[in-house]
Amino acid sequence: MDTMHAVRGHRRGGPQELTYEDAPRPVAGAGEVLVAVRSASITRGELDWDATWTDALDGSGSPRVPIVPSKEVSGVVVAAGPGVTDWGPGDEVYGLIPFTRDGAAAEFTTVPAAVLAAKPPRLDHDRAAALPLAGLTAWQALVTHGGVRPGAHVLVHGAAGGVGSIAVQVAAALGARVVATATAETADFVRELGADEVVDHRAGRFEAFVEDVDLVLDTVGGDTQDRSWLVLRPGGVLVSIVSPPDPARAGGVFFVVEPDRTGLEELSRLVKDRKLTPRVDRVVPLEETPQAYAALEHGNRCGKIVIRMS
């Protein structure tokens, strides 16, 4: 077969620009593997990223259309391209696809072999697909940029979302004391993840209840980020995945998550030790991908929205 079912966008825009259609089946090039996608996961704001539509992270490159969205994949290797020796047909893998490449909202996708890791045996493909982007973001925020150690006091904003729900678990696994902001509807869910305390951000200002924090993980931005400085102890770190913190203040970090096999293997170890379980809010078929992206903009979710291939 030289065609497949895929969801593609032929011009830049939101979910309304995505179409379920037949598309050419990709072929693995040098250093790549062809993966039969079993499940994929989607991220709020992904269709606004310059890297989704161009060949540069900052949008300075050439347009790249039609595009296939969804950067998190779990599936089975079908073929290995030239130079690949670490994966072969039948291997179950998962990973974060580089942002300037076509994604996993398709029956097949090609991925650089170096960014994939073995799928954790404890996870089915749905839950494995829910882990790479959120998991690597949480790991890189807490460990790479935040240097979290046992006993640290960590505040996670948006703790019921895709990144937040992983970050709470990872921080707890690292031995931190975790305070999280969420809504009253999701508070029990966040406590189950391992948060020591949950603050309903709708009922009051979190800075009235939280203080002396070593690290704030900002997944919200805006006024929430601005007020987060008030709860940091001297020498504390504010790590944002939304927007660069005020450069006039010391201790602010903004970063964009990067594909990383080593990080995935660390997350897999936490999964094996039963300290981390990706949470799935809902699973939808491939043809409902446009509606799934639209749903990301509305309502409370507990975990990720996952696309499952037929």
# chains A, B, ... in the order shown; residues from 1 in each chain; ligands from 1
>>> select_by_dssp(residues="stretch 139-310 of chain A", states="helix (DSSP H, G or I)", output="count of residues only")
64
>>> select_by_dssp(residues="stretch 126-232 of chain A", states="strand (DSSP E)", output="list in words")
His153, Val154, Leu155, Val156, Arg177, Val178, Val179, Ala180, Thr181, Ala182, Glu197, Val198, Val199, Asp200, Val213, Asp214, Leu215, Val216, Leu217, Asp218 and Leu232 of chain A
>>> residues_around(residues="A:Cys302", least_positions_apart="5", cutoff="9 Å", atoms="only C-alpha atoms", output="list in words")
Ala159, Ala160, Gly161, Gly162, Ser165, Thr186, Phe189, Val190, Arg279, Val280, Asp281 and Arg282 of chain A
>>> write_last_selection(atoms="all heavy atoms", output="PDB file, in the first residue's frame")
ATOM      1  N   ALA A 159      -2.529  21.899  37.324  1.00  0.00           N
ATOM      2  CA  ALA A 159      -2.083  20.549  37.661  1.00  0.00           C
ATOM      3  C   ALA A 159      -2.959  19.435  37.103  1.00  0.00           C
ATOM      4  O   ALA A 159      -2.543  18.275  37.112  1.00  0.00           O
ATOM      5  CB  ALA A 159      -1.990  20.397  39.177  1.00  0.00           C
ATOM      6  N   ALA A 160      -4.148  19.740  36.617  1.00  0.00           N
ATOM      7  CA  ALA A 160      -5.001  18.699  36.048  1.00  0.00           C
ATOM      8  C   ALA A 160      -4.782  18.515  34.556  1.00  0.00           C
ATOM      9  O   ALA A 160      -5.297  17.565  33.963  1.00  0.00           O
ATOM     10  CB  ALA A 160      -6.475  19.017  36.309  1.00  0.00           C
ATOM     11  N   GLY A 161      -4.018  19.407  33.936  1.00  0.00           N
ATOM     12  CA  GLY A 161      -3.794  19.326  32.499  1.00  0.00           C
ATOM     13  C   GLY A 161      -2.756  18.295  32.120  1.00  0.00           C
ATOM     14  O   GLY A 161      -2.230  17.556  32.961  1.00  0.00           O
ATOM     15  N   GLY A 162      -2.435  18.252  30.819  1.00  0.00           N
ATOM     16  CA  GLY A 162      -1.519  17.248  30.316  1.00  0.00           C
ATOM     17  C   GLY A 162      -0.152  17.324  30.969  1.00  0.00           C
ATOM     18  O   GLY A 162       0.360  16.327  31.499  1.00  0.00           O
ATOM     19  N   SER A 165      -0.452  17.277  35.152  1.00  0.00           N
ATOM     20  CA  SER A 165      -0.743  15.988  35.776  1.00  0.00           C
ATOM     21  C   SER A 165       0.485  15.088  35.822  1.00  0.00           C
ATOM     22  O   SER A 165       0.642  14.284  36.739  1.00  0.00           O
ATOM     23  CB  SER A 165      -1.886  15.282  35.038  1.00  0.00           C
ATOM     24  OG  SER A 165      -1.538  14.990  33.700  1.00  0.00           O
ATOM     25  N   THR A 186     -11.556  19.330  39.769  1.00  0.00           N
ATOM     26  CA  THR A 186     -10.426  18.435  39.498  1.00  0.00           C
ATOM     27  C   THR A 186      -9.519  18.244  40.708  1.00  0.00           C
ATOM     28  O   THR A 186      -8.503  17.556  40.618  1.00  0.00           O
ATOM     29  CB  THR A 186      -9.583  18.969  38.324  1.00  0.00           C
ATOM     30  OG1 THR A 186      -9.087  20.284  38.643  1.00  0.00           O
ATOM     31  CG2 THR A 186     -10.410  19.036  37.048  1.00  0.00           C
ATOM     32  N   PHE A 189      -8.797  14.594  41.756  1.00  0.00           N
ATOM     33  CA  PHE A 189      -7.927  13.972  40.758  1.00  0.00           C
ATOM     34  C   PHE A 189      -6.475  14.367  41.004  1.00  0.00           C
ATOM     35  O   PHE A 189      -5.573  13.516  40.987  1.00  0.00           O
ATOM     36  CB  PHE A 189      -8.380  14.404  39.361  1.00  0.00           C
ATOM     37  CG  PHE A 189      -7.402  14.114  38.259  1.00  0.00           C
ATOM     38  CD1 PHE A 189      -7.186  12.825  37.817  1.00  0.00           C
ATOM     39  CD2 PHE A 189      -6.711  15.154  37.646  1.00  0.00           C
ATOM     40  CE1 PHE A 189      -6.284  12.562  36.790  1.00  0.00           C
ATOM     41  CE2 PHE A 189      -5.815  14.907  36.620  1.00  0.00           C
ATOM     42  CZ  PHE A 189      -5.601  13.605  36.191  1.00  0.00           C
ATOM     43  N   VAL A 190      -6.233  15.643  41.264  1.00  0.00           N
ATOM     44  CA  VAL A 190      -4.865  16.123  41.459  1.00  0.00           C
ATOM     45  C   VAL A 190      -4.276  15.563  42.749  1.00  0.00           C
ATOM     46  O   VAL A 190      -3.090  15.220  42.811  1.00  0.00           O
ATOM     47  CB  VAL A 190      -4.828  17.667  41.438  1.00  0.00           C
ATOM     48  CG1 VAL A 190      -3.451  18.184  41.808  1.00  0.00           C
ATOM     49  CG2 VAL A 190      -5.244  18.176  40.059  1.00  0.00           C
ATOM     50  N   ARG A 279      -2.279  10.076  32.427  1.00  0.00           N
ATOM     51  CA  ARG A 279      -3.729  10.108  32.553  1.00  0.00           C
ATOM     52  C   ARG A 279      -4.350  10.500  31.218  1.00  0.00           C
ATOM     53  O   ARG A 279      -3.953  11.482  30.596  1.00  0.00           O
ATOM     54  CB  ARG A 279      -4.148  11.078  33.652  1.00  0.00           C
ATOM     55  CG  ARG A 279      -3.536  10.754  35.018  1.00  0.00           C
ATOM     56  CD  ARG A 279      -3.849   9.341  35.478  1.00  0.00           C
ATOM     57  NE  ARG A 279      -3.174   8.979  36.708  1.00  0.00           N
ATOM     58  CZ  ARG A 279      -3.780   8.861  37.897  1.00  0.00           C
ATOM     59  NH1 ARG A 279      -5.091   9.082  37.995  1.00  0.00           N
ATOM     60  NH2 ARG A 279      -3.090   8.522  38.972  1.00  0.00           N
ATOM     61  N   VAL A 280      -5.351   9.739  30.820  1.00  0.00           N
ATOM     62  CA  VAL A 280      -6.043   9.972  29.552  1.00  0.00           C
ATOM     63  C   VAL A 280      -7.448  10.467  29.849  1.00  0.00           C
ATOM     64  O   VAL A 280      -8.221   9.794  30.541  1.00  0.00           O
ATOM     65  CB  VAL A 280      -6.087   8.692  28.695  1.00  0.00           C
ATOM     66  CG1 VAL A 280      -6.922   8.914  27.432  1.00  0.00           C
ATOM     67  CG2 VAL A 280      -4.672   8.254  28.335  1.00  0.00           C
ATOM     68  N   ASP A 281      -7.770  11.639  29.321  1.00  0.00           N
ATOM     69  CA  ASP A 281      -9.102  12.199  29.519  1.00  0.00           C
ATOM     70  C   ASP A 281     -10.125  11.505  28.643  1.00  0.00           C
ATOM     71  O   ASP A 281     -11.211  11.154  29.094  1.00  0.00           O
ATOM     72  CB  ASP A 281      -9.087  13.698  29.206  1.00  0.00           C
ATOM     73  CG  ASP A 281     -10.433  14.356  29.436  1.00  0.00           C
ATOM     74  OD1 ASP A 281     -10.727  14.694  30.595  1.00  0.00           O
ATOM     75  OD2 ASP A 281     -11.201  14.519  28.463  1.00  0.00           O
ATOM     76  N   ARG A 282      -9.757  11.297  27.361  1.00  0.00           N
ATOM     77  CA  ARG A 282     -10.652  10.604  26.437  1.00  0.00           C
ATOM     78  C   ARG A 282      -9.853  10.101  25.247  1.00  0.00           C
ATOM     79  O   ARG A 282      -8.763  10.585  24.965  1.00  0.00           O
ATOM     80  CB  ARG A 282     -11.772  11.530  25.966  1.00  0.00           C
ATOM     81  CG  ARG A 282     -11.346  12.589  24.973  1.00  0.00           C
ATOM     82  CD  ARG A 282     -12.411  13.640  24.750  1.00  0.00           C
ATOM     83  NE  ARG A 282     -12.407  14.629  25.819  1.00  0.00           N
ATOM     84  CZ  ARG A 282     -13.060  15.795  25.754  1.00  0.00           C
ATOM     85  NH1 ARG A 282     -13.776  16.086  24.696  1.00  0.00           N
ATOM     86  NH2 ARG A 282     -13.000  16.652  26.742  1.00  0.00           N
TER      87      ARG A 282
END
>>> closest_residue(among="A:Arg11, A:Lys275, A:Lys71, A:Lys119", to="A:Glu92", atoms="only C-alpha atoms")
A:Lys119
>>> residues_around(residues="A:Ala6", least_positions_apart="5", cutoff="8 Å", atoms="only C-alpha atoms", output="list of chain:residue names")
A:Tyr20, A:Glu21, A:Asp22, A:Ala23, A:Val68, A:Ala105, A:Ala106, A:Glu107, A:Leu286
>>> write_last_selection(atoms="N, CA and C atoms", output="short mmCIF file (atom, residue, chain, number, x, y, z; two decimals), in the first residue's frame")
data_model
loop_
_atom_site.label_atom_id
_atom_site.label_comp_id
_atom_site.auth_asym_id
_atom_site.auth_seq_id
_atom_site.Cartn_x
_atom_site.Cartn_y
_atom_site.Cartn_z
N TYR A 20 -9.73 14.90 7.33
CA TYR A 20 -9.44 13.46 7.33
C TYR A 20 -9.48 13.00 5.88
N GLU A 21 -8.38 12.42 5.38
CA GLU A 21 -8.28 12.12 3.96
C GLU A 21 -7.24 11.03 3.69
N ASP A 22 -7.17 10.60 2.46
CA ASP A 22 -6.10 9.72 2.02
C ASP A 22 -4.85 10.55 1.76
N ALA A 23 -3.69 9.99 2.09
CA ALA A 23 -2.42 10.69 1.91
C ALA A 23 -1.34 9.69 1.53
N VAL A 68 0.75 17.17 8.91
CA VAL A 68 0.05 16.20 9.75
C VAL A 68 0.32 16.59 11.20
N ALA A 105 -0.91 11.98 13.55
CA ALA A 105 -2.34 11.84 13.27
C ALA A 105 -2.53 11.18 11.91
N ALA A 106 -2.01 9.98 11.81
CA ALA A 106 -2.01 9.24 10.55
C ALA A 106 -1.74 7.78 10.87
N GLU A 107 -2.01 6.91 9.92
CA GLU A 107 -1.78 5.49 10.16
C GLU A 107 -0.30 5.15 10.21
N LEU A 286 -9.34 8.42 14.71
CA LEU A 286 -8.55 9.34 13.88
C LEU A 286 -9.43 10.35 13.18
#
>>> residues_around(residues="A:Thr183", least_positions_apart="5", cutoff="8 Å", atoms="only C-alpha atoms", output="count of residues only")
4
>>> residues_around(residues="A:Ser310", least_positions_apart="2", cutoff="10 Å", atoms="only C-alpha atoms", output="list in words")
Val37, Arg38, Ser39, Glu107, Pro285, Leu286, Glu287, Ile307 and Arg308 of chain A
>>> write_last_selection(atoms="N, CA, C and O atoms", output="short mmCIF file (atom, residue, chain, number, x, y, z; two decimals), in the first residue's frame")
data_model
loop_
_atom_site.label_atom_id
_atom_site.label_comp_id
_atom_site.auth_asym_id
_atom_site.auth_seq_id
_atom_site.Cartn_x
_atom_site.Cartn_y
_atom_site.Cartn_z
N VAL A 37 1.35 3.74 13.47
CA VAL A 37 0.83 4.44 14.65
C VAL A 37 -0.32 3.64 15.25
O VAL A 37 -1.25 3.25 14.55
N ARG A 38 -0.24 3.40 16.53
CA ARG A 38 -1.35 2.79 17.26
C ARG A 38 -2.17 3.87 17.97
O ARG A 38 -3.39 3.84 17.97
N SER A 39 -1.46 4.82 18.59
CA SER A 39 -2.12 5.93 19.27
C SER A 39 -1.26 7.18 19.14
O SER A 39 -0.04 7.09 19.00
N GLU A 107 -2.01 6.91 9.92
CA GLU A 107 -1.78 5.49 10.16
C GLU A 107 -0.30 5.15 10.21
O GLU A 107 0.10 4.18 10.87
N PRO A 285 -11.41 8.38 17.72
CA PRO A 285 -10.87 7.80 16.48
C PRO A 285 -10.19 8.86 15.63
O PRO A 285 -10.45 10.07 15.78
N LEU A 286 -9.34 8.42 14.71
CA LEU A 286 -8.55 9.34 13.88
C LEU A 286 -9.43 10.35 13.18
O LEU A 286 -9.09 11.54 13.10
N GLU A 287 -10.56 9.91 12.64
CA GLU A 287 -11.39 10.82 11.86
C GLU A 287 -12.00 11.95 12.69
O GLU A 287 -12.47 12.95 12.14
N ILE A 307 -5.69 10.09 20.30
CA ILE A 307 -6.25 9.61 19.04
C ILE A 307 -5.85 8.15 18.88
O ILE A 307 -4.67 7.82 19.00
N ARG A 308 -6.82 7.30 18.58
CA ARG A 308 -6.52 5.87 18.40
C ARG A 308 -6.80 5.48 16.95
O ARG A 308 -7.84 5.82 16.38
#
>>> residues_around(residues="A:Asp126", least_positions_apart="2", cutoff="12 Å", atoms="only C-alpha atoms", output="ChimeraX atom specification")
/A:37-42,72-75,94,119-120,122-124,128-132,277-285,303-309
>>> closest_residue(among="A:Gly235, A:Gly147, A:Asp196, A:Val76", to="A:Arg177", atoms="only C-alpha atoms")
A:Asp196
>>> closest_residue(among="A:Val198, A:Val271, A:Val242, A:Ala208", to="A:Val170", atoms="only C-alpha atoms")
A:Val271
>>> atom_distance(atom1="atom CA of A:Leu193", atom2="atom CA of A:Ala138")
13.9 Å
>>> closest_residue(among="A:Thr109, A:Thr3, A:Thr54, A:Ser70", to="A:Gly29", atoms="only C-alpha atoms")
A:Thr109
>>> closest_residue(among="A:Trp139, A:Phe254, A:Trp87, A:Phe99", to="A:Leu47", atoms="only C-alpha atoms")
A:Phe99
>>> closest_residue(among="A:Ala114, A:Ala250, A:Val168, A:Leu238", to="A:Gly83", atoms="only C-alpha atoms")
A:Ala114
